[in-house]
Amino acid sequence: MARADTLARARTLDRPELAYLLRFPTADGMRDLELTWAELARDTEWVTARLREHGLAAGQRALLTASGFEGFWGHAVIGALRTLKVPYGIAEAMGWDHRRTAVFHRELNPHAVIGLSADTLEGLAGTADVGEMFRATSVVLARPAAVPLLRGVGVTASVISAVGPALALECPERTGAHVNAAEWRVGERDGQLTVAAGEGRASSLDETPLPIAGRVVTGRCACGSGDPRVLLAEADRPS
Amino acid sequence: MVGDRDTADRYFEPQVETMPREQLRARQEKKVLELVEYVYANSAFYRELWDEHGAHPRDIRSLEDFRARIPFITKDMIRAYRARTGDPFAGLLCVPVEELTSVSSSSGTTGDPEFFAEIWQDAPPLVTAQVRDLWELGLRPGDRVLSPPGTFRNFMDAGFQALGAVVIEVDTWMGNMPGVVEALRTYRPAYLQMMYPQMVELEHLAEKTDLREAFSSLKGASCAGQPLSRKMRERIRDDWGIDVYEYTSAADTGTAWECREHDGFHLWEDTVFAECVEVDEHGWHDVPESDLGELVATDLDNRAAPLIRYRSEDLVRLSRDTCGCGRTHARMWVAGRRGDETVVQGRSVVLRDVWQAVEDQPETVAGVFQIVRDRREVDELRLRVGYDPHLTGDVDALAGRLSEAVRERTGVKPVLDMRPEEDLLKTMTSVAKFPRVVKR
C-alpha cells in the first residue's frame, strides 16, 4: 500500500506537539490560541460521547458540512465519527455548495447531518423543500443561524457552534449547547458570552469576551451532563 | 523566496521516488494483477462490464493482457450504472459501506458530484498522496501552513500535519484576502494553497499592498483547480516572489504536482497506472510520447472503489523520461479537456487562444472568461468576460478592443457579454474550478 508506506515514513518524523494555531474573533479583535495533539484527543473523546448521546452508532452514515478553516473542531467531529464507526460524507458549508449537500443527503441517506449552515439552507431553499428534506433526518446538528430556519419548518435541530476556541454541542434535550467543562470555562457578561481555557490546556486564555450574544445555564442537564450550556441568541431568533 | 530551502533531502521516499522504471513497472504489474482479481470478486460494476466484454481475471497474466482485455470506463458509464441501479457508488464499491471512513466528491462542474469512497487511518487518501510533493516543495516539521479553503475532497490538514506542519486556521476563501495577507505577515507560514479566485482577488490587492513582502516567508504555494495562464504565473513568480507549484488531477486517482523543476506534473506511479491513448470508433492505440493523447488511469492504491482504465477526458502529453529532479515517475503536460474545443462555423477555437486575447487587455488581465455554448459546433462564438471595474472606464471601448483581439487570435469575431469579474466568479459551484465552457 503506497499511501500506508508514505504515512509510515511520516510517523518517523520528529513532529511538534502542536497541531493547530487557531485564530478566533473576540469582542476586542482576533486572538490566537495553540491547540495540541493531546487536547485534540480529549476534544475528540468529548465529542464522541455527545454524538453517542444522539444515538450515532455503527451502521449509520453522517454528512459533515464544514469549511477548510474549521479543522480545529472538524478534527474532533471526524475523530468521533471514526470512533463510532460512522462513515461520513463531506461538503462545504458555503452557500454556493448547497448542491453537494443535496446530493449527499439524497444518495447517502445520512442518519446525522452535522454543521448545517444558514447559507446552505438558503441555497437549498431555491430547489428543495428544506423541511421535507431534513424532517426525516434523525439528527440535525446545525449552526446557530440555521437552527431557527430549521425549527420554523418543523425540523428538530440541535445546535453545534464554535464558542471562540471551544465547541458547543447540544444534546437531544435541546436545552442549550454543552461546552466541555473539563477544558473550558464559559460565562456571560452583559449578554455576551465569555470563554477561558481550563487548567489542563497548554495555552492559557484568561476570561475573554466573545462577540456572541447568549446566556449560560449551569446545573445538571436532563441528559445527565454537568457541563454548562450556552443559549445562543442567534439560535433562538424567531424564523 | 524561490529556492530558499534545504535541497539535500528532497526525496521523502527516495527508494520509491527514484525507483528504476523496470522495478516500477514490475510493481505496477503485480498490483494490477491483484487488482483485477479483487474487483471482479467485489465490484458489481466491473463484474458486469467485464463479463459483457468477455474479460476475466484468469486471462489477465500481465500488463499487456490487462491493456488488451480490460475495457475502458467513462464517467458517463458510471453515471448510467448509478441511474439504472440506484446505487450511489455505481457498483464500484468493493467493501461494505460500513467499512468506509469517509466519502468525498468531485468538483461537480459537469453534473452531480461523483463520490470518492475512502478508507484511511492517519490522513485521507488525496492529501496523503501529496505528502511527497509537499516535502519536495520544502515543507518540514515545525513549518506553518495556512488552512486551505475547501473541504470537498476532505480536510487537507492531516496531510500537512503528517509532515509535522502546524495548521493556522484562517479563512482563505474568496473575499478574505486582506485577512490572508495579514495572517501571512503575522504567522510567516511556509506554505499556502491557492485557488484561481484567490489569485484574482490578490491581483486587485497588489495595487496597494506589498505582496512580495507579505509572501516572503513562503517556501512555496500551490495552485490547483485550473491551469494558470502564462501571465498570471509570471505575475505570481516574478512580482509576488512566490515559487508556485501547480497541480492537477491524476484522473481522479489522486493528484499530480510539479516538482521544483517546474517541468510537467509528476504522477506517482506506485498509486496509478497511467496510459496515454487515442480512442476512436475503430479502437484505441498508444500515442507516441511527444504527442497528445487522453490520460487513462488505473488506481493501484485504493481498495474502496478503484477506477480501472478510467478515461479522464484530459488531453495530455506523457513522458517516462527521468525528470531533472531525479524522479523516475512519469510526468504529464496538460493541454486541456477533450470537448473544450469549440467549432465556430467550421473553425476550431481553443481555450488557450481566447485566454491569451483576454489577458492581454489590462482590464481583463485576470483571465476571467467563459465560452457559452449548448453544443460543440456553433454558429457564433459567445464569450462572457469578466472585467475589473476599478480599471475599466469605458466598457464598450474595452469590448471593442477585446473583440478585435479575440478575432486576431482565433479568426472568429466573438459576441461578447461583459460582466464585472466578481459577478462571474460568484457563479462558481466548486471551490476549485471556474467552469470555462458553460451552457448558459
# chains A, B, ... in the order shown; residues from 1 in each chain; ligands from 1

call {"tool": "closest_atom_pairs", "arguments": {"of": "chain A", "to": "chain B", "cutoff": "9 Å", "atoms": "only C-alpha atoms", "output": "Markdown table"}}
result
| residue | atom | partner | partner_atom | distance |
| --- | --- | --- | --- | --- |
| A:Met1 | CA | B:Asp301 | CA | 5.9 |
| A:Ala2 | CA | B:Asp270 | CA | 6.3 |
| A:Arg3 | CA | B:Thr128 | CA | 6.1 |
| A:Ala4 | CA | B:Gln121 | CA | 8.5 |
| A:Asp5 | CA | B:Glu13 | CA | 8.9 |
| A:Thr6 | CA | B:Glu13 | CA | 7.3 |
| A:Leu7 | CA | B:Ala162 | CA | 7.1 |
| A:Arg9 | CA | B:Glu13 | CA | 7.6 |
| A:Ala10 | CA | B:Ala162 | CA | 5.8 |
| A:Arg11 | CA | B:Ala162 | CA | 7.1 |
| A:Leu13 | CA | B:Leu163 | CA | 7.1 |
| A:Asp14 | CA | B:Pro141 | CA | 6.8 |
| A:Arg15 | CA | B:Gly164 | CA | 4.4 |
| A:Pro16 | CA | B:Gly164 | CA | 6.2 |
| A:Glu17 | CA | B:Gly164 | CA | 8.9 |
| A:Leu18 | CA | B:Val166 | CA | 6.4 |
| A:Ala19 | CA | B:Val166 | CA | 5.2 |
| A:Tyr20 | CA | B:Val167 | CA | 4.8 |
| A:Leu21 | CA | B:Ile168 | CA | 4.7 |
| A:Leu22 | CA | B:Glu169 | CA | 5.1 |
| A:Arg23 | CA | B:Glu169 | CA | 6.0 |
| A:Phe24 | CA | B:Glu169 | CA | 8.6 |
| A:Ala58 | CA | B:Glu98 | CA | 7.3 |
| A:Gly59 | CA | B:Glu98 | CA | 5.7 |
| A:Gln60 | CA | B:Glu98 | CA | 7.7 |
| A:Arg61 | CA | B:Glu98 | CA | 8.2 |
| A:Thr65 | CA | B:Thr151 | CA | 8.4 |
| A:Ala66 | CA | B:Thr151 | CA | 6.9 |
| A:Ser67 | CA | B:Thr151 | CA | 6.0 |
| A:Gly68 | CA | B:Pro149 | CA | 4.6 |
| A:Phe69 | CA | B:Glu169 | CA | 4.8 |
| A:Glu70 | CA | B:Glu169 | CA | 6.9 |
| A:Gly71 | CA | B:Phe155 | CA | 6.9 |
| A:Phe72 | CA | B:Glu169 | CA | 7.7 |
| A:Gly74 | CA | B:Phe155 | CA | 8.2 |
| A:His75 | CA | B:Phe155 | CA | 8.5 |
| A:Leu81 | CA | B:Thr101 | CA | 8.7 |
| A:Arg82 | CA | B:Thr101 | CA | 6.7 |
| A:Lys85 | CA | B:Glu98 | CA | 7.3 |
| A:Val86 | CA | B:Glu98 | CA | 7.1 |
| A:Pro87 | CA | B:Thr101 | CA | 4.8 |
| A:Tyr88 | CA | B:Ser102 | CA | 4.7 |
| A:Gly89 | CA | B:Val103 | CA | 4.4 |
| A:Ile90 | CA | B:Ser104 | CA | 5.7 |
| A:Ala91 | CA | B:Phe152 | CA | 5.2 |
| A:Glu92 | CA | B:Thr151 | CA | 5.8 |
| A:Ala93 | CA | B:Thr151 | CA | 8.9 |
| A:Trp96 | CA | B:Thr429 | CA | 5.9 |
| A:Asp97 | CA | B:Thr429 | CA | 6.0 |
| A:His98 | CA | B:Thr429 | CA | 8.8 |
| A:Arg99 | CA | B:Asp112 | CA | 7.9 |
| A:Arg100 | CA | B:Pro113 | CA | 6.7 |
| A:Val103 | CA | B:Asp112 | CA | 7.0 |
| A:Phe104 | CA | B:Phe115 | CA | 8.7 |
| A:Glu107 | CA | B:Pro88 | CA | 5.5 |
| A:Leu108 | CA | B:Pro88 | CA | 7.2 |

call {"tool": "residues_around", "arguments": {"residues": "A:Ala49", "least_positions_apart": "3", "cutoff": "12 Å", "atoms": "only C-alpha atoms", "output": "compact mmCIF listing (two decimals) with N, CA and C atoms, in the first residue's frame"}}
result
# COMPACT_ATOMS: atom_id res chain seq x y z
N ARG A 42 -8.48 14.78 23.58
CA ARG A 42 -9.51 14.93 24.63
C ARG A 42 -10.79 15.52 24.04
N ASP A 43 -10.64 16.49 23.12
CA ASP A 43 -11.83 17.07 22.46
C ASP A 43 -12.59 15.99 21.70
N THR A 44 -11.84 15.12 21.05
CA THR A 44 -12.47 14.05 20.26
C THR A 44 -13.26 13.11 21.17
N GLU A 45 -12.65 12.81 22.30
CA GLU A 45 -13.32 11.92 23.25
C GLU A 45 -14.65 12.54 23.73
N TRP A 46 -14.60 13.83 23.98
CA TRP A 46 -15.81 14.52 24.46
C TRP A 46 -16.89 14.53 23.37
N ARG A 52 -22.67 10.07 20.68
CA ARG A 52 -23.26 8.80 21.13
C ARG A 52 -24.62 9.08 21.79
N GLU A 53 -24.71 10.18 22.53
CA GLU A 53 -26.00 10.55 23.14
C GLU A 53 -27.07 10.79 22.08
N HIS A 54 -26.64 11.25 20.91
CA HIS A 54 -27.59 11.48 19.82
C HIS A 54 -27.94 10.18 19.10
N GLY A 55 -27.37 9.10 19.57
CA GLY A 55 -27.72 7.80 19.02
C GLY A 55 -26.86 7.37 17.85
N LEU A 56 -25.79 8.10 17.58
CA LEU A 56 -24.95 7.68 16.45
C LEU A 56 -24.22 6.38 16.79
N ALA A 57 -24.24 5.47 15.84
CA ALA A 57 -23.66 4.15 16.09
C ALA A 57 -23.26 3.52 14.76
N ALA A 76 -12.15 16.94 15.68
CA ALA A 76 -12.79 16.22 16.80
C ALA A 76 -14.05 15.50 16.33
N VAL A 77 -14.82 16.14 15.47
CA VAL A 77 -16.05 15.50 14.97
C VAL A 77 -15.72 14.29 14.12
N GLY A 79 -12.97 12.55 14.21
CA GLY A 79 -12.43 11.52 15.11
C GLY A 79 -13.53 10.78 15.83
N ALA A 80 -14.55 11.52 16.25
CA ALA A 80 -15.67 10.90 16.95
C ALA A 80 -16.44 9.96 16.02
N LEU A 81 -16.69 10.41 14.80
CA LEU A 81 -17.41 9.56 13.84
C LEU A 81 -16.62 8.30 13.55
N THR A 83 -14.49 6.86 15.62
CA THR A 83 -14.59 6.01 16.81
C THR A 83 -15.92 5.26 16.82
N LEU A 84 -16.97 5.95 16.41
CA LEU A 84 -18.31 5.35 16.42
C LEU A 84 -18.55 4.48 15.19
N LEU A 169 -22.07 21.90 21.81
CA LEU A 169 -22.85 20.87 21.12
C LEU A 169 -24.08 20.53 21.96
N GLU A 170 -25.22 20.71 21.36
CA GLU A 170 -26.46 20.50 22.10
C GLU A 170 -26.82 19.01 22.14
N CYS A 171 -27.29 18.57 23.30
CA CYS A 171 -27.69 17.17 23.44
C CYS A 171 -29.15 17.02 22.98
N HIS A 178 -23.93 22.21 25.11
CA HIS A 178 -22.93 21.91 26.13
C HIS A 178 -21.53 22.34 25.70
N ASN A 180 -17.53 21.65 27.06
CA ASN A 180 -16.77 20.73 27.91
C ASN A 180 -16.15 21.47 29.11
N CYS A 223 -29.97 15.35 30.46
CA CYS A 223 -29.22 14.27 29.81
C CYS A 223 -28.22 13.63 30.78
N GLY A 224 -28.02 14.28 31.92
CA GLY A 224 -27.10 13.75 32.92
C GLY A 224 -25.77 14.47 32.95
N SER A 225 -25.51 15.31 31.97
CA SER A 225 -24.22 16.00 31.90
C SER A 225 -24.20 17.19 32.85

call {"tool": "residues_around", "arguments": {"residues": "A:Ala197", "least_positions_apart": "6", "cutoff": "7 Å", "atoms": "only C-alpha atoms", "output": "number ranges by chain"}}
result
A: 183-185, 204-206

call {"tool": "write_last_selection", "arguments": {"atoms": "C-alpha atoms", "output": "compact mmCIF listing (two decimals), in the first residue's frame"}}
result
# COMPACT_ATOMS: atom_id res chain seq x y z
CA GLU A 183 -11.45 22.07 29.15
CA TRP A 184 -13.20 25.44 29.10
CA ARG A 185 -14.92 27.91 31.37
CA SER A 204 -3.51 29.99 28.70
CA LEU A 205 -6.58 32.00 27.88
CA ASP A 206 -7.97 34.31 30.53

call {"tool": "residues_around", "arguments": {"residues": "stretch 199-203 of chain A", "least_positions_apart": "3", "cutoff": "7 Å", "atoms": "only C-alpha atoms", "output": "number ranges by chain"}}
result
A: 33-34, 39, 183

call {"tool": "write_last_selection", "arguments": {"atoms": "N, CA and C atoms", "output": "tab-separated table (two decimals), in the first residue's frame"}}
result
chain	number	residue	atom	x	y	z
A	33	LEU	N	-4.71	31.06	19.61
A	33	LEU	CA	-4.61	30.03	20.65
A	33	LEU	C	-4.00	28.77	20.02
A	34	GLU	N	-3.07	28.17	20.74
A	34	GLU	CA	-2.46	26.95	20.24
A	34	GLU	C	-3.27	25.74	20.68
A	39	GLU	N	-4.71	17.79	23.37
A	39	GLU	CA	-6.00	18.47	23.54
A	39	GLU	C	-7.01	18.00	22.50
A	183	GLU	N	-12.42	21.38	30.00
A	183	GLU	CA	-11.45	22.07	29.15
A	183	GLU	C	-11.65	23.59	29.11

call {"tool": "residues_around", "arguments": {"residues": "A:Glu132", "least_positions_apart": "2", "cutoff": "9 Å", "atoms": "only C-alpha atoms", "output": "short mmCIF file (atom, residue, chain, number, x, y, z; two decimals) with N, CA and C atoms, in the first residue's frame"}}
result
data_model
loop_
_atom_site.label_atom_id
_atom_site.label_comp_id
_atom_site.auth_asym_id
_atom_site.auth_seq_id
_atom_site.Cartn_x
_atom_site.Cartn_y
_atom_site.Cartn_z
N ALA A 128 -35.40 23.00 -3.24
CA ALA A 128 -35.93 21.88 -2.45
C ALA A 128 -36.79 22.39 -1.31
N ASP A 129 -37.62 21.52 -0.78
CA ASP A 129 -38.38 21.81 0.43
C ASP A 129 -37.49 21.39 1.60
N VAL A 130 -36.90 22.39 2.23
CA VAL A 130 -35.91 22.11 3.28
C VAL A 130 -36.52 21.31 4.42
N PHE A 134 -35.14 17.57 5.66
CA PHE A 134 -34.44 17.27 6.91
C PHE A 134 -35.34 16.73 8.02
N ARG A 135 -36.67 16.79 7.84
CA ARG A 135 -37.53 16.24 8.89
C ARG A 135 -37.28 14.74 9.07
N ALA A 136 -36.92 14.10 7.97
CA ALA A 136 -36.71 12.65 8.04
C ALA A 136 -35.31 12.29 8.53
N VAL A 153 -39.51 25.19 10.02
CA VAL A 153 -40.16 24.28 9.05
C VAL A 153 -40.30 22.87 9.65
N GLY A 154 -40.28 22.84 10.98
CA GLY A 154 -40.60 21.58 11.66
C GLY A 154 -39.47 20.59 11.78
N VAL A 155 -38.24 21.06 11.60
CA VAL A 155 -37.10 20.14 11.75
C VAL A 155 -36.56 20.26 13.18
#
